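protein_34.cif (mmCIF, C-alpha atoms and all ligand atoms) appears below.
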data_coords
loop_
_atom_site.label_atom_id
_atom_site.label_comp_id
_atom_site.auth_asym_id
_atom_site.auth_seq_id
_atom_site.Cartn_x
_atom_site.Cartn_y
_atom_site.Cartn_z
CA MET A 207 -14.14 9.53 14.70
CA ASN A 208 -10.67 8.09 15.25
CA GLN A 209 -7.51 10.03 14.54
CA LEU A 210 -6.72 10.71 10.86
CA LEU A 211 -3.99 8.29 9.74
CA LYS A 212 -0.92 9.60 7.91
CA ILE A 213 0.25 7.08 5.32
CA GLY A 214 3.53 7.63 3.47
CA HIS A 215 3.28 6.89 -0.26
CA ARG A 216 6.09 4.58 -1.49
CA GLY A 217 7.80 5.57 1.78
CA VAL A 218 8.01 9.33 1.43
CA LYS A 219 8.20 9.79 -2.31
CA GLY A 220 8.20 13.58 -1.92
CA TYR A 221 11.52 13.54 -0.04
CA GLU A 222 13.47 10.39 -0.95
CA PRO A 223 13.69 7.95 -3.88
CA GLU A 224 10.44 5.94 -3.88
CA ASN A 225 10.22 2.43 -2.41
CA THR A 226 13.79 2.46 -1.04
CA LEU A 227 15.00 1.67 2.48
CA ILE A 228 16.03 5.34 2.84
CA SER A 229 12.50 6.40 1.96
CA PHE A 230 10.93 4.00 4.49
CA GLN A 231 13.37 5.10 7.23
CA LYS A 232 12.47 8.74 6.56
CA ALA A 233 8.77 7.84 6.84
CA ILE A 234 9.46 6.32 10.26
CA ASP A 235 11.44 9.42 11.28
CA LEU A 236 8.43 11.55 10.28
CA LYS A 237 6.27 9.36 12.54
CA VAL A 238 3.80 8.11 9.94
CA ASP A 239 1.01 5.75 11.01
CA GLY A 240 1.55 3.59 7.92
CA ILE A 241 3.64 3.20 4.79
CA GLU A 242 2.39 2.23 1.35
CA LEU A 243 4.61 0.21 -1.02
CA ASP A 244 4.27 -1.74 -4.29
CA VAL A 245 5.33 -5.32 -4.98
CA HIS A 246 6.39 -7.54 -7.87
CA LEU A 247 8.10 -10.96 -7.99
CA SER A 248 11.74 -11.61 -8.94
CA SER A 249 12.86 -14.55 -11.11
CA ASP A 250 13.57 -16.57 -7.95
CA GLY A 251 10.13 -15.85 -6.50
CA GLU A 252 11.11 -13.20 -3.90
CA ILE A 253 8.66 -10.38 -3.17
CA ILE A 254 10.34 -7.21 -4.45
CA VAL A 255 9.39 -3.65 -3.50
CA ILE A 256 9.13 -1.61 -6.70
CA HIS A 257 6.31 0.23 -8.45
CA ASP A 258 6.92 -0.48 -12.15
CA GLU A 259 7.22 -3.86 -13.84
CA THR A 260 10.63 -2.77 -15.15
CA ILE A 261 13.63 -1.31 -13.34
CA ASP A 262 14.15 1.34 -16.06
CA ARG A 263 12.61 4.43 -14.42
CA THR A 264 13.97 4.08 -10.89
CA THR A 265 17.46 2.59 -11.42
CA ASN A 266 20.32 2.82 -13.92
CA GLY A 267 19.48 -0.66 -15.20
CA LYS A 268 17.05 -1.90 -17.82
CA GLY A 269 14.64 -4.82 -18.00
CA LEU A 270 11.70 -6.54 -16.41
CA VAL A 271 11.78 -7.14 -12.63
CA LYS A 272 10.69 -10.74 -13.18
CA ASN A 273 13.80 -11.42 -15.28
CA PHE A 274 16.23 -10.53 -12.44
CA SER A 275 17.04 -12.54 -9.30
CA SER A 276 16.52 -10.90 -5.90
CA LEU A 277 20.31 -10.69 -5.53
CA GLN A 278 20.66 -8.84 -8.83
CA LEU A 279 17.82 -6.48 -7.89
CA LYS A 280 19.49 -5.76 -4.56
CA GLN A 281 22.55 -4.56 -6.48
CA PHE A 282 20.30 -1.95 -8.15
CA GLY A 283 19.19 -0.75 -4.69
CA ILE A 284 15.77 -2.39 -4.90
CA PRO A 285 14.73 -3.93 -1.56
CA THR A 286 12.83 -7.13 -0.85
CA LEU A 287 9.66 -6.97 1.23
CA SER A 288 11.48 -8.90 3.92
CA GLU A 289 14.20 -6.23 4.17
CA VAL A 290 11.61 -3.46 4.37
CA LEU A 291 9.70 -5.21 7.15
CA GLU A 292 12.91 -5.82 9.12
CA LEU A 293 13.57 -2.08 8.90
CA ILE A 294 10.00 -1.10 9.82
CA ASN A 295 10.04 -3.50 12.76
CA LYS A 296 6.35 -2.87 13.57
CA GLN A 297 6.86 0.88 14.04
CA CYS A 298 3.92 1.52 11.68
CA PHE A 299 1.50 -0.55 9.60
CA VAL A 300 2.44 -1.65 6.08
CA ASN A 301 0.06 -1.23 3.14
CA ILE A 302 1.30 -3.72 0.53
CA GLU A 303 -0.07 -2.90 -2.92
CA LEU A 304 -0.10 -5.97 -5.19
CA LYS A 305 1.15 -4.78 -8.57
CA GLY A 306 2.87 -7.75 -10.17
CA ILE A 307 1.01 -10.73 -11.61
CA GLY A 308 0.95 -13.67 -9.22
CA THR A 309 1.76 -11.69 -6.06
CA SER A 310 -1.45 -12.60 -4.15
CA LYS A 311 -0.41 -16.05 -2.91
CA PRO A 312 3.24 -15.24 -2.03
CA VAL A 313 2.15 -12.11 -0.15
CA ALA A 314 -0.61 -13.95 1.77
CA GLU A 315 1.92 -16.64 2.73
CA PHE A 316 4.54 -14.08 3.62
CA ILE A 317 2.15 -12.24 5.96
CA ALA A 318 1.21 -15.53 7.65
CA LEU A 319 4.92 -16.26 8.18
CA PHE A 320 5.65 -12.85 9.70
CA ILE A 321 2.67 -13.21 12.01
CA SER A 322 3.56 -16.71 13.19
CA GLN A 323 7.37 -16.33 13.38
CA LYS A 324 8.16 -12.66 13.86
CA ASN A 325 5.38 -11.67 16.20
CA TRP A 326 3.67 -9.26 13.81
CA ASN A 327 -0.14 -8.89 13.94
CA HIS A 328 -2.79 -8.81 11.24
CA THR A 329 -3.32 -5.13 12.11
CA ASP A 330 0.27 -4.43 11.04
CA PHE A 331 -0.67 -5.26 7.44
CA LEU A 332 -3.10 -4.03 4.83
CA VAL A 333 -3.12 -5.52 1.30
CA SER A 334 -4.50 -3.40 -1.53
CA SER A 335 -4.70 -3.66 -5.31
CA PHE A 336 -6.40 -2.31 -8.41
CA ASP A 337 -6.54 -5.96 -9.46
CA TRP A 338 -9.62 -7.05 -7.53
CA LYS A 339 -9.21 -10.67 -8.61
CA MET A 340 -5.94 -10.81 -6.67
CA LEU A 341 -7.70 -9.31 -3.63
CA GLU A 342 -10.32 -12.03 -3.85
CA GLU A 343 -7.51 -14.62 -3.90
CA VAL A 344 -5.91 -13.12 -0.78
CA GLN A 345 -9.27 -13.10 1.00
CA LEU A 346 -9.83 -16.77 0.14
CA LEU A 347 -6.33 -17.75 1.26
CA ASN A 348 -6.57 -15.92 4.57
CA PRO A 349 -9.79 -14.08 5.52
CA LYS A 350 -7.99 -12.42 8.45
CA ILE A 351 -5.78 -10.32 6.16
CA ARG A 352 -7.12 -6.76 5.98
CA ILE A 353 -7.94 -5.79 2.41
CA GLY A 354 -8.06 -2.37 0.81
CA VAL A 355 -9.96 -1.96 -2.48
CA LEU A 356 -8.16 0.47 -4.78
CA THR A 357 -10.04 2.41 -7.43
CA GLU A 358 -9.29 5.19 -9.87
CA GLU A 359 -12.66 4.81 -11.58
CA SER A 360 -15.69 4.39 -9.36
CA VAL A 361 -16.43 4.64 -5.66
CA ASP A 362 -19.76 2.85 -6.22
CA LEU A 363 -18.12 -0.19 -7.84
CA ALA A 364 -15.38 -0.27 -5.19
CA LEU A 365 -18.00 -0.12 -2.44
CA ALA A 366 -19.97 -2.99 -3.96
CA PHE A 367 -16.81 -5.10 -4.28
CA ALA A 368 -15.63 -4.18 -0.76
CA LYS A 369 -18.96 -5.45 0.59
CA LYS A 370 -18.67 -8.65 -1.44
CA ILE A 371 -15.23 -9.60 -0.12
CA LYS A 372 -15.68 -8.04 3.34
CA ALA A 373 -12.78 -5.66 2.81
CA TYR A 374 -11.35 -3.45 5.54
CA SER A 375 -10.89 -0.22 3.59
CA ILE A 376 -11.50 1.55 0.28
CA HIS A 377 -8.66 3.50 -1.35
CA PRO A 378 -10.05 5.85 -4.03
CA ASP A 379 -8.24 8.37 -6.16
CA TYR A 380 -8.96 11.47 -4.04
CA ARG A 381 -10.52 13.24 -7.04
CA LEU A 382 -13.45 10.77 -6.90
CA LEU A 383 -14.41 11.81 -3.37
CA THR A 384 -17.30 13.89 -2.11
CA LYS A 385 -18.40 14.41 1.47
CA GLU A 386 -21.45 12.25 0.67
CA ASN A 387 -19.66 9.25 -0.84
CA VAL A 388 -17.12 9.24 2.02
CA ALA A 389 -20.02 9.13 4.50
CA LEU A 390 -21.66 6.31 2.52
CA MET A 391 -18.51 4.16 2.59
CA GLN A 392 -18.14 4.79 6.31
CA GLU A 393 -21.83 3.97 6.99
CA ASN A 394 -20.95 0.62 5.41
CA GLU A 395 -18.12 0.35 7.94
CA PHE A 396 -15.20 0.79 5.60
CA GLU A 397 -12.18 2.95 6.35
CA VAL A 398 -11.51 5.47 3.57
CA TYR A 399 -7.87 6.07 2.59
CA PRO A 400 -7.60 8.25 -0.55
CA TRP A 401 -4.37 8.73 -2.53
CA THR A 402 -2.18 10.53 -3.50
CA VAL A 403 -3.01 13.79 -1.77
CA ASN A 404 -0.06 16.18 -1.88
CA SER A 405 -0.91 19.87 -2.12
CA LYS A 406 -1.88 21.90 0.95
CA GLU A 407 -5.21 22.80 -0.68
CA ASP A 408 -6.10 19.21 -1.59
CA ILE A 409 -5.10 17.96 1.87
CA GLN A 410 -7.38 20.56 3.50
CA LYS A 411 -10.28 19.70 1.18
CA ILE A 412 -9.96 15.94 1.68
CA LYS A 413 -9.61 16.36 5.45
CA SER A 414 -12.90 18.29 5.43
CA PHE A 415 -14.58 15.12 4.08
CA ASN A 416 -13.60 13.35 7.33
CA VAL A 417 -11.70 10.52 5.67
CA ASN A 418 -9.98 7.99 7.96
CA GLY A 419 -6.50 8.28 6.48
CA ILE A 420 -4.57 10.00 3.69
CA ILE A 421 -1.88 8.47 1.48
CA SER A 422 0.62 11.20 0.61
CA ASP A 423 4.13 11.75 -0.75
CA PHE A 424 4.45 14.34 2.06
CA PRO A 425 2.74 12.63 5.03
CA ASP A 426 4.15 15.22 7.46
CA LYS A 427 1.96 17.86 5.74
CA ILE A 428 -1.21 15.99 6.74
O1 LIG A 501 -1.99 2.79 -3.12
C1 LIG A 501 -2.29 4.05 -3.62
C2 LIG A 501 -1.48 4.45 -4.82
O2 LIG A 501 -0.16 4.08 -4.60
C3 LIG A 501 -1.96 3.83 -6.10
O3 LIG A 501 -1.34 4.32 -7.24
O4 LIG A 501 0.27 4.22 -9.09
O5 LIG A 501 0.94 5.25 -6.95
O6 LIG A 501 0.65 2.79 -7.12
P1 LIG A 501 0.19 4.13 -7.62
CA CA A 502 1.11 2.16 -4.94
#

As structure tokens, the full file:
Amino acid sequence: MNQLLKIGHRGVKGYEPENTLISFQKAIDLKVDGIELDVHLSSDGEIIVIHDETIDRTTNGKGLVKNFSSLQLKQFGIPTLSEVLELINKQCFVNIELKGIGTSKPVAEFIALFISQKNWNHTDFLVSSFDWKMLEEVQLLNPKIRIGVLTEESVDLALAFAKKIKAYSIHPDYRLLTKENVALMQENEFEVYPWTVNSKEDIQKIKSFNVNGIISDFPDKI
């Protein structure tokens, strides 16, 4: 069994404002193996790092992300994927969660660009989503991109879909896990990265299932 990977959720959401450059820098300082972040598209087609489809909860502005330009979003402190990757500079892998409609193609193209022009590797990226159709699109566009199948409903369905698209990993809500279903996913050669495991007790329990990585707001606690 390889070393358990520590993956910082939205950077380190437990310590800094989620999905901000400060949060990703703190994750690096805490020596995470990977960071998880969420993406939407701006009005000018930039890939923007934000969880919600509006800017209401995380900034002092109001409105849909897709109705602002990347420059306007920057003024609210919302970074582009490009800015986050420049900051990360290959110090850990990046789990890009496709949230916004239409993000599959731009993200697949963006990864290809970073690999060909900035010397990043496919192993520096992992693309996940609850929207399995978008994962299928990424897989078709570039089968080398590592794919993580997110589920909050069913490990069995996620496993079947992961087999179908030859995914790299399965990312279940940690409350769906048992020692047996973790072993089954691993027998099928998938990495298992549950989310979002935060309390000391839950971290201990999930570690006892021998998962491959844990996505947490407090990755240093893992
Ligand atoms: O990628 C795991 C986790 O981030 C999925 O849920 O709502 O935090 O994006 P959410
Ligand atoms: Ca997420």

For ligand CA 502 (chain A), return the neighbouring residues as an MDAnalysis selection string (distance at most 9 Å; all atoms listed in the file).
chainID A and resid 215:216 242:245 257 301:305 334:335 401

Every residue with an atom at most 8 Å from (4.1, 7.4, 11.9) (file coordinates; all atoms listed in the file) is what I'm after, so could you write them as a PyMOL selection string?
chain A and resi 212-213+233-240+297-298

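For the set A:Leu365, A:Ile351, A:Ile321, A:Ile294, the residue with the smallest atom-to-atom gap to Ile241 of chain A is A:Ile294, counting only C-alpha atoms.
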
Rounded to one decimal in Å, what is the spacing between atom CA of Asp337 of chain A and atom CA of Gly269 of chain A?
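Result for atom CA of Asp337 of chain A versus atom CA of Gly269 of chain A: 22.9 Å, one decimal.
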
Do you know which residues are at most 8 Å from segment 287-290 of chain A counting all atoms listed in the file, after dropping those on the same chain fewer than 4 positions away, and could you put them as a list in words?
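My list of contacting residues is Leu227, Phe230, Val245, Ile253, Ile254, Val255 and Ile294 of chain A.
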
Give as a PyMOL selection string the set of residues within 9 Å of the point (-5.1, -12.9, 1.3), where distances use the file's coordinates and only C-alpha atoms.
chain A and resi 310-311+313-315+317+333+340-353

Two-atom distance - atom CA of Lys232 of chain A, atom CA of Leu291 of chain A (Å):
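Result for atom CA of Lys232 of chain A versus atom CA of Leu291 of chain A: 14.2 Å, one decimal.
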
Which residue, A:Gln392, A:Thr260, A:Thr402, A:Asn416, has the smallest gap to ligand LIG 501 (chain A) when you use all atoms listed in the file?
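Closest to ligand LIG 501 (chain A), using all atoms listed in the file: A:Thr402.
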
With all atoms listed in the file as the atoms that count, which of A:Gln410, A:Thr264, A:Asn387, A:Thr357 lies nearest to ligand LIG 501 (chain A)?
A:Thr357

Could you write out as AutoDock Vina command-line options the box around ligand LIG 501 (chain A) (axis-aligned, all atoms listed in the file, 5 Å on each side), with centre and edge lengths in Å to one decimal?
--center_x -0.7 --center_y 4.0 --center_z -6.1 --size_x 13.2 --size_y 12.5 --size_z 16.0
